[in-house]
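Colleague: So here's entry_12.pdb, just PDB, C-alpha atoms:
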```
ATOM      1  CA  MET A   1     -44.690 -56.841 -45.460  1.00  0.00           C
ATOM      2  CA  PHE A   2     -47.899 -55.192 -44.191  1.00  0.00           C
ATOM      3  CA  PRO A   3     -46.310 -54.016 -40.900  1.00  0.00           C
ATOM      4  CA  ARG A   4     -43.532 -52.334 -42.925  1.00  0.00           C
ATOM      5  CA  VAL A   5     -46.069 -50.435 -45.099  1.00  0.00           C
ATOM      6  CA  ALA A   6     -48.036 -49.430 -42.017  1.00  0.00           C
ATOM      7  CA  PHE A   7     -44.856 -48.181 -40.396  1.00  0.00           C
ATOM      8  CA  ILE A   8     -43.880 -46.135 -43.475  1.00  0.00           C
ATOM      9  CA  LEU A   9     -47.392 -44.689 -43.739  1.00  0.00           C
ATOM     10  CA  SER A  10     -47.359 -43.863 -40.038  1.00  0.00           C
ATOM     11  CA  VAL A  11     -44.009 -42.083 -40.273  1.00  0.00           C
ATOM     12  CA  SER A  12     -45.093 -40.245 -43.430  1.00  0.00           C
ATOM     13  CA  LEU A  13     -48.358 -39.139 -41.829  1.00  0.00           C
ATOM     14  CA  THR A  14     -46.503 -37.918 -38.723  1.00  0.00           C
ATOM     15  CA  ALA A  15     -44.033 -35.968 -40.864  1.00  0.00           C
ATOM     16  CA  PHE A  16     -46.913 -34.416 -42.838  1.00  0.00           C
ATOM     17  CA  VAL A  17     -48.710 -33.370 -39.653  1.00  0.00           C
ATOM     18  CA  LEU A  18     -45.542 -31.811 -38.216  1.00  0.00           C
ATOM     19  CA  VAL A  19     -44.779 -29.907 -41.439  1.00  0.00           C
ATOM     20  CA  PHE A  20     -48.395 -28.738 -41.766  1.00  0.00           C
ATOM     21  CA  ALA A  21     -48.512 -27.615 -38.114  1.00  0.00           C
ATOM     22  CA  GLY A  22     -45.223 -25.733 -38.563  1.00  0.00           C
ATOM     23  CA  ALA A  23     -46.592 -23.986 -41.643  1.00  0.00           C
ATOM     24  CA  LEU A  24     -49.686 -22.923 -39.692  1.00  0.00           C
ATOM     25  CA  ASP A  25     -47.548 -21.589 -36.825  1.00  0.00           C
ATOM     26  CA  ALA A  26     -45.393 -19.627 -39.250  1.00  0.00           C
ATOM     27  CA  ARG A  27     -48.447 -18.219 -41.013  1.00  0.00           C
ATOM     28  CA  GLU A  28     -50.079 -17.237 -37.706  1.00  0.00           C
ATOM     29  CA  SER A  29     -46.933 -15.574 -36.366  1.00  0.00           C
ATOM     30  CA  ALA A  30     -46.274 -13.631 -39.592  1.00  0.00           C
ATOM     31  CA  PRO A  31     -48.902 -10.936 -38.847  1.00  0.00           C
ATOM     32  CA  ALA A  32     -47.524 -10.566 -35.324  1.00  0.00           C
ATOM     33  CA  ALA A  33     -44.006 -10.143 -36.695  1.00  0.00           C
ATOM     34  CA  ALA A  34     -45.269  -7.615 -39.240  1.00  0.00           C
ATOM     35  CA  ALA A  35     -47.087  -5.703 -36.504  1.00  0.00           C
ATOM     36  CA  GLN A  36     -43.919  -5.587 -34.397  1.00  0.00           C
ATOM     37  CA  GLU A  37     -42.003  -4.070 -37.297  1.00  0.00           C
ATOM     38  CA  VAL A  38     -44.455  -1.162 -37.468  1.00  0.00           C
ATOM     39  CA  VAL A  39     -43.836  -0.150 -33.852  1.00  0.00           C
ATOM     40  CA  LYS A  40     -40.737   2.034 -33.790  1.00  0.00           C
ATOM     41  CA  LEU A  41     -38.428   2.539 -30.863  1.00  0.00           C
ATOM     42  CA  PRO A  42     -38.200   6.111 -29.568  1.00  0.00           C
ATOM     43  CA  GLU A  43     -34.558   6.261 -30.652  1.00  0.00           C
ATOM     44  CA  GLN A  44     -35.693   5.463 -34.195  1.00  0.00           C
ATOM     45  CA  LEU A  45     -38.305   8.207 -34.021  1.00  0.00           C
ATOM     46  CA  LEU A  46     -35.661  10.670 -32.877  1.00  0.00           C
ATOM     47  CA  GLN A  47     -33.286   9.630 -35.626  1.00  0.00           C
ATOM     48  CA  GLU A  48     -35.901   9.621 -38.387  1.00  0.00           C
ATOM     49  CA  ASN A  49     -37.775  12.763 -37.337  1.00  0.00           C
ATOM     50  CA  CYS A  50     -35.178  15.036 -35.761  1.00  0.00           C
ATOM     51  CA  GLN A  51     -31.729  14.023 -36.898  1.00  0.00           C
ATOM     52  CA  THR A  52     -32.527  14.303 -40.583  1.00  0.00           C
ATOM     53  CA  CYS A  53     -32.219  18.103 -40.167  1.00  0.00           C
ATOM     54  CA  HIS A  54     -29.857  18.545 -37.223  1.00  0.00           C
ATOM     55  CA  ASP A  55     -27.582  16.604 -34.917  1.00  0.00           C
ATOM     56  CA  LEU A  56     -28.269  15.728 -31.286  1.00  0.00           C
ATOM     57  CA  ARG A  57     -26.489  18.702 -29.735  1.00  0.00           C
ATOM     58  CA  PRO A  58     -29.492  21.092 -29.735  1.00  0.00           C
ATOM     59  CA  ILE A  59     -31.556  18.315 -28.142  1.00  0.00           C
ATOM     60  CA  GLN A  60     -28.913  17.405 -25.558  1.00  0.00           C
ATOM     61  CA  THR A  61     -28.603  20.984 -24.347  1.00  0.00           C
ATOM     62  CA  ALA A  62     -32.303  21.932 -24.331  1.00  0.00           C
ATOM     63  CA  ALA A  63     -33.502  20.279 -21.086  1.00  0.00           C
ATOM     64  CA  LYS A  64     -37.173  20.944 -21.870  1.00  0.00           C
ATOM     65  CA  SER A  65     -40.349  19.818 -20.136  1.00  0.00           C
ATOM     66  CA  ALA A  66     -42.900  17.595 -21.878  1.00  0.00           C
ATOM     67  CA  ASP A  67     -45.002  20.630 -22.854  1.00  0.00           C
ATOM     68  CA  GLU A  68     -41.936  22.409 -24.204  1.00  0.00           C
ATOM     69  CA  TRP A  69     -40.863  19.348 -26.220  1.00  0.00           C
ATOM     70  CA  ARG A  70     -44.394  18.973 -27.594  1.00  0.00           C
ATOM     71  CA  SER A  71     -44.437  22.645 -28.610  1.00  0.00           C
ATOM     72  CA  THR A  72     -41.028  22.291 -30.231  1.00  0.00           C
ATOM     73  CA  ILE A  73     -42.133  19.260 -32.250  1.00  0.00           C
ATOM     74  CA  ILE A  74     -45.313  21.016 -33.394  1.00  0.00           C
ATOM     75  CA  MET A  75     -43.299  24.112 -34.337  1.00  0.00           C
ATOM     76  CA  MET A  76     -40.841  21.951 -36.284  1.00  0.00           C
ATOM     77  CA  ILE A  77     -43.751  20.412 -38.178  1.00  0.00           C
ATOM     78  CA  GLU A  78     -45.581  23.675 -38.878  1.00  0.00           C
ATOM     79  CA  GLU A  79     -42.656  26.013 -39.516  1.00  0.00           C
ATOM     80  CA  ASN A  80     -39.877  23.756 -40.750  1.00  0.00           C
ATOM     81  CA  GLY A  81     -41.848  21.056 -42.542  1.00  0.00           C
ATOM     82  CA  ALA A  82     -40.723  18.209 -40.314  1.00  0.00           C
ATOM     83  CA  GLU A  83     -42.582  15.048 -41.238  1.00  0.00           C
ATOM     84  CA  VAL A  84     -43.623  13.532 -37.923  1.00  0.00           C
ATOM     85  CA  ALA A  85     -46.614  11.204 -37.913  1.00  0.00           C
ATOM     86  CA  GLU A  86     -49.345  12.181 -35.451  1.00  0.00           C
ATOM     87  CA  GLU A  87     -49.033   8.853 -33.612  1.00  0.00           C
ATOM     88  CA  ASP A  88     -45.274   9.405 -33.186  1.00  0.00           C
ATOM     89  CA  ILE A  89     -45.518  12.757 -31.393  1.00  0.00           C
ATOM     90  CA  GLU A  90     -46.359  11.528 -27.881  1.00  0.00           C
ATOM     91  CA  PRO A  91     -43.826   8.654 -27.817  1.00  0.00           C
ATOM     92  CA  LEU A  92     -41.226  11.138 -29.021  1.00  0.00           C
ATOM     93  CA  VAL A  93     -42.240  13.658 -26.332  1.00  0.00           C
ATOM     94  CA  ARG A  94     -41.983  10.960 -23.629  1.00  0.00           C
ATOM     95  CA  TYR A  95     -38.549   9.876 -24.851  1.00  0.00           C
ATOM     96  CA  LEU A  96     -37.222  13.435 -25.112  1.00  0.00           C
ATOM     97  CA  THR A  97     -38.556  14.366 -21.673  1.00  0.00           C
ATOM     98  CA  LEU A  98     -37.066  11.271 -20.050  1.00  0.00           C
ATOM     99  CA  ASN A  99     -33.647  11.494 -21.694  1.00  0.00           C
ATOM    100  CA  HIS A 100     -33.338  15.214 -22.367  1.00  0.00           C
ATOM    101  CA  GLY A 101     -35.852  16.647 -19.943  1.00  0.00           C
ATOM    102  CA  PRO A 102     -35.784  19.504 -17.517  1.00  0.00           C
ATOM    103  CA  VAL A 103     -33.220  20.056 -14.820  1.00  0.00           C
ATOM    104  CA  PRO A 104     -33.295  22.695 -12.061  1.00  0.00           C
ATOM    105  CA  ASP A 105     -32.475  26.215 -13.156  1.00  0.00           C
ATOM    106  CA  ALA A 106     -29.529  27.206 -10.954  1.00  0.00           C
ATOM    107  CA  PRO A 107     -25.806  27.945 -11.206  1.00  0.00           C
ATOM    108  CA  GLY A 108     -24.213  24.863 -12.735  1.00  0.00           C
ATOM    109  CA  LYS A 109     -27.063  24.048 -15.130  1.00  0.00           C
ATOM    110  CA  GLU A 110     -25.290  25.537 -18.160  1.00  0.00           C
ATOM    111  CA  ILE A 111     -22.087  23.680 -17.324  1.00  0.00           C
ATOM    112  CA  LEU A 112     -24.074  20.454 -17.002  1.00  0.00           C
ATOM    113  CA  LEU A 113     -25.819  21.020 -20.328  1.00  0.00           C
ATOM    114  CA  ASN A 114     -22.769  22.190 -22.251  1.00  0.00           C
ATOM    115  CA  THR A 115     -20.084  19.946 -20.804  1.00  0.00           C
ATOM    116  CA  CYS A 116     -21.529  16.815 -19.189  1.00  0.00           C
ATOM    117  CA  THR A 117     -23.975  16.140 -22.034  1.00  0.00           C
ATOM    118  CA  ARG A 118     -21.125  15.917 -24.515  1.00  0.00           C
ATOM    119  CA  CYS A 119     -20.785  12.326 -23.335  1.00  0.00           C
ATOM    120  CA  HIS A 120     -23.857  11.579 -21.169  1.00  0.00           C
ATOM    121  CA  ASP A 121     -27.590  12.091 -21.636  1.00  0.00           C
ATOM    122  CA  LEU A 122     -29.448  13.832 -18.843  1.00  0.00           C
ATOM    123  CA  GLN A 123     -31.265  10.661 -17.777  1.00  0.00           C
ATOM    124  CA  ARG A 124     -27.948   9.035 -16.897  1.00  0.00           C
ATOM    125  CA  ILE A 125     -26.992  12.039 -14.802  1.00  0.00           C
ATOM    126  CA  LYS A 126     -30.414  12.295 -13.144  1.00  0.00           C
ATOM    127  CA  ILE A 127     -30.509   8.672 -12.027  1.00  0.00           C
ATOM    128  CA  GLY A 128     -26.837   8.612 -11.035  1.00  0.00           C
ATOM    129  CA  ARG A 129     -27.553   9.837  -7.512  1.00  0.00           C
ATOM    130  CA  ARG A 130     -24.327  10.270  -5.587  1.00  0.00           C
ATOM    131  CA  SER A 131     -23.103  11.842  -2.379  1.00  0.00           C
ATOM    132  CA  SER A 132     -21.085  15.033  -2.586  1.00  0.00           C
ATOM    133  CA  GLU A 133     -17.882  13.003  -2.221  1.00  0.00           C
ATOM    134  CA  GLU A 134     -18.955  10.597  -4.961  1.00  0.00           C
ATOM    135  CA  TRP A 135     -19.777  13.498  -7.311  1.00  0.00           C
ATOM    136  CA  GLU A 136     -16.339  14.920  -6.619  1.00  0.00           C
ATOM    137  CA  GLU A 137     -14.740  11.557  -7.460  1.00  0.00           C
ATOM    138  CA  THR A 138     -16.873  11.310 -10.606  1.00  0.00           C
ATOM    139  CA  LEU A 139     -15.905  14.809 -11.742  1.00  0.00           C
ATOM    140  CA  ILE A 140     -12.218  14.113 -11.105  1.00  0.00           C
ATOM    141  CA  ALA A 141     -12.550  10.937 -13.180  1.00  0.00           C
ATOM    142  CA  MET A 142     -14.222  12.986 -15.931  1.00  0.00           C
ATOM    143  CA  LEU A 143     -11.365  15.512 -15.831  1.00  0.00           C
ATOM    144  CA  ASN A 144      -8.969  12.595 -16.284  1.00  0.00           C
ATOM    145  CA  GLU A 145     -11.043  11.531 -19.310  1.00  0.00           C
ATOM    146  CA  GLY A 146     -10.697  15.005 -20.812  1.00  0.00           C
ATOM    147  CA  ALA A 147     -13.766  16.908 -19.599  1.00  0.00           C
ATOM    148  CA  PRO A 148     -13.032  20.595 -20.191  1.00  0.00           C
ATOM    149  CA  LEU A 149     -13.794  22.047 -16.751  1.00  0.00           C
ATOM    150  CA  SER A 150     -11.995  24.995 -15.217  1.00  0.00           C
ATOM    151  CA  GLU A 151     -11.481  25.074 -11.456  1.00  0.00           C
ATOM    152  CA  VAL A 152     -14.407  27.488 -11.058  1.00  0.00           C
ATOM    153  CA  GLU A 153     -16.667  25.347 -13.285  1.00  0.00           C
ATOM    154  CA  PHE A 154     -15.642  22.248 -11.318  1.00  0.00           C
ATOM    155  CA  VAL A 155     -16.732  23.825  -8.024  1.00  0.00           C
ATOM    156  CA  THR A 156     -19.971  25.173  -9.557  1.00  0.00           C
ATOM    157  CA  VAL A 157     -21.075  21.942 -11.257  1.00  0.00           C
ATOM    158  CA  HIS A 158     -20.022  19.901  -8.220  1.00  0.00           C
ATOM    159  CA  GLY A 159     -22.314  22.006  -6.039  1.00  0.00           C
ATOM    160  CA  TYR A 160     -25.134  21.726  -8.595  1.00  0.00           C
ATOM    161  CA  LEU A 161     -24.865  17.942  -8.949  1.00  0.00           C
ATOM    162  CA  SER A 162     -24.531  17.427  -5.204  1.00  0.00           C
ATOM    163  CA  ARG A 163     -27.573  19.587  -4.456  1.00  0.00           C
ATOM    164  CA  TYR A 164     -29.966  18.422  -7.169  1.00  0.00           C
ATOM    165  CA  PHE A 165     -28.722  14.899  -7.938  1.00  0.00           C
ATOM    166  CA  GLY A 166     -27.365  13.851  -4.569  1.00  0.00           C
ATOM    167  CA  VAL A 167     -28.508  11.013  -2.413  1.00  0.00           C
ATOM    168  CA  ASP A 168     -31.573  11.721  -0.291  1.00  0.00           C
TER     169      ASP A 168
END
```
Turn the structure described in the file into structure tokens.
Modeller:
Amino acid sequence: MFPRVAFILSVSLTAFVLVFAGALDARESAPAAAAQEVVKLPEQLLQENCQTCHDLRPIQTAAKSADEWRSTIIMMIEENGAEVAEEDIEPLVRYLTLNHGPVPDAPGKEILLNTCTRCHDLQRIKIGRRSSEEWEETLIAMLNEGAPLSEVEFVTVHGYLSRYFGVD
């Protein structure tokens, strides 16, 4: 009978240790989980700080530099009462510059900003390096998807994309 009691005590003690160790792990990881919740993704910052007053269109068509985005955010805070936490400004500036940042000022820029950004952010266009022929194929595909480009706009934006976002 003694071996049976020893076995039961051994199993019980093992179960207790495993449960206690699991409780410690959960308690130790809780602050880490709470800390992760505090860090917001840039998209969340954009949604919470910018899209409460306006939609994305003014952002998608702005194509500003980091300094220009920073100035815009500060102006929105000071003049429009936007509630952006100090620690959120720089991550928001980095996100806006990367995804809605500057593009070369040349014929075709306005078409890019007013037509292409209806469906694509600037980062997608900037990293989508293509040859002139590939840009032509892409633009034809976009026409087939309903992009509102006239023949003149097609030629202009094709030249712009090929020159500034072509393959090296």
Colleague: Every residue with an atom at most 12 Å from (-33.9, 9.5, -14.8) (file coordinates; all atoms listed in the file) is what I'm after, so could you write them as JSON, numbers by chain?
Modeller: {"A": [95, 96, 97, 98, 99, 100, 101, 102, 103, 121, 122, 123, 124, 125, 126, 127, 128, 129, 165]}
Colleague: Rank A:His54, A:His158, A:Lys40, A:Lys64 by their smallest atom-to-atom distance to Pro104 (chain A), using all atoms listed in the file, and report the top residue only.
Modeller: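 Residue with the minimum atom-to-atom distance to Pro104 (chain A): A:Lys64.
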Colleague: Do you know which residues are at most 10 Å from region 45-48 of chain A counting all atoms listed in the file, after dropping those on the same chain fewer than 6 positions away, and could you put them as a list in words?
Modeller: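 The contact residues come out as His54, Asp55, Leu56, Ile59, Glu83, Val84, Ala85, Asp88, Ile89, Pro91, Leu92, Val93, Tyr95 and Leu96 of chain A.
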Colleague: Tell me which of A:Ile111, A:Val155, A:Leu161, A:Ala106 sits closest to Ser132 (chain A), counting all atoms listed in the file.
Modeller: A:Leu161
Colleague: Name every residue that the PyMOL selection byres ((chain A and resi 112) around 10) selects in this structure, writing the answer as a list in words with chains first and numbers rising.
Modeller: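 On the file shown, the PyMOL selection byres ((chain A and resi 112) around 10) covers Thr61, Val103, Pro107, Gly108, Lys109, Glu110, Ile111, Leu113, Asn114, Thr115, Cys116, Thr117, Arg118, His120, Leu122, Ile125, Glu153, Thr156, Val157, His158, Tyr160 and Leu161 of chain A.
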Colleague: May I ask you to restore N, CA and C atoms in region 95-107 of chain A and write the result as an mmCIF file, in the coordinates of the input?
Modeller:
```
data_model
loop_
_atom_site.group_PDB
_atom_site.id
_atom_site.type_symbol
_atom_site.label_atom_id
_atom_site.label_comp_id
_atom_site.auth_asym_id
_atom_site.auth_seq_id
_atom_site.Cartn_x
_atom_site.Cartn_y
_atom_site.Cartn_z
ATOM 1 N N TYR A 95 -39.972 10.215 -24.754
ATOM 2 C CA TYR A 95 -38.549 9.876 -24.851
ATOM 3 C C TYR A 95 -37.672 11.106 -24.616
ATOM 4 N N LEU A 96 -38.013 12.213 -25.268
ATOM 5 C CA LEU A 96 -37.222 13.435 -25.112
ATOM 6 C C LEU A 96 -37.261 13.948 -23.676
ATOM 7 N N THR A 97 -38.423 13.888 -23.052
ATOM 8 C CA THR A 97 -38.556 14.366 -21.673
ATOM 9 C C THR A 97 -37.745 13.490 -20.723
ATOM 10 N N LEU A 98 -37.802 12.185 -20.917
ATOM 11 C CA LEU A 98 -37.066 11.271 -20.050
ATOM 12 C C LEU A 98 -35.559 11.434 -20.207
ATOM 13 N N ASN A 99 -35.087 11.489 -21.443
ATOM 14 C CA ASN A 99 -33.647 11.494 -21.694
ATOM 15 C C ASN A 99 -33.035 12.881 -21.831
ATOM 16 N N HIS A 100 -33.844 13.858 -22.163
ATOM 17 C CA HIS A 100 -33.338 15.214 -22.367
ATOM 18 C C HIS A 100 -34.280 16.223 -21.730
ATOM 19 N N GLY A 101 -34.841 15.838 -20.603
ATOM 20 C CA GLY A 101 -35.852 16.647 -19.943
ATOM 21 C C GLY A 101 -35.289 17.696 -19.012
ATOM 22 N N PRO A 102 -36.179 18.337 -18.312
ATOM 23 C CA PRO A 102 -35.784 19.504 -17.517
ATOM 24 C C PRO A 102 -34.881 19.149 -16.341
ATOM 25 N N VAL A 103 -34.052 20.111 -16.017
ATOM 26 C CA VAL A 103 -33.220 20.056 -14.820
ATOM 27 C C VAL A 103 -33.393 21.399 -14.106
ATOM 28 N N PRO A 104 -33.108 21.443 -12.810
ATOM 29 C CA PRO A 104 -33.295 22.695 -12.061
ATOM 30 C C PRO A 104 -32.492 23.859 -12.658
ATOM 31 N N ASP A 105 -33.110 25.014 -12.646
ATOM 32 C CA ASP A 105 -32.475 26.215 -13.156
ATOM 33 C C ASP A 105 -31.695 26.865 -12.012
ATOM 34 N N ALA A 106 -30.390 26.682 -12.018
ATOM 35 C CA ALA A 106 -29.529 27.206 -10.954
ATOM 36 C C ALA A 106 -28.098 27.250 -11.495
ATOM 37 N N PRO A 107 -27.203 27.946 -10.777
ATOM 38 C CA PRO A 107 -25.806 27.945 -11.206
ATOM 39 C C PRO A 107 -25.287 26.509 -11.322
#
```
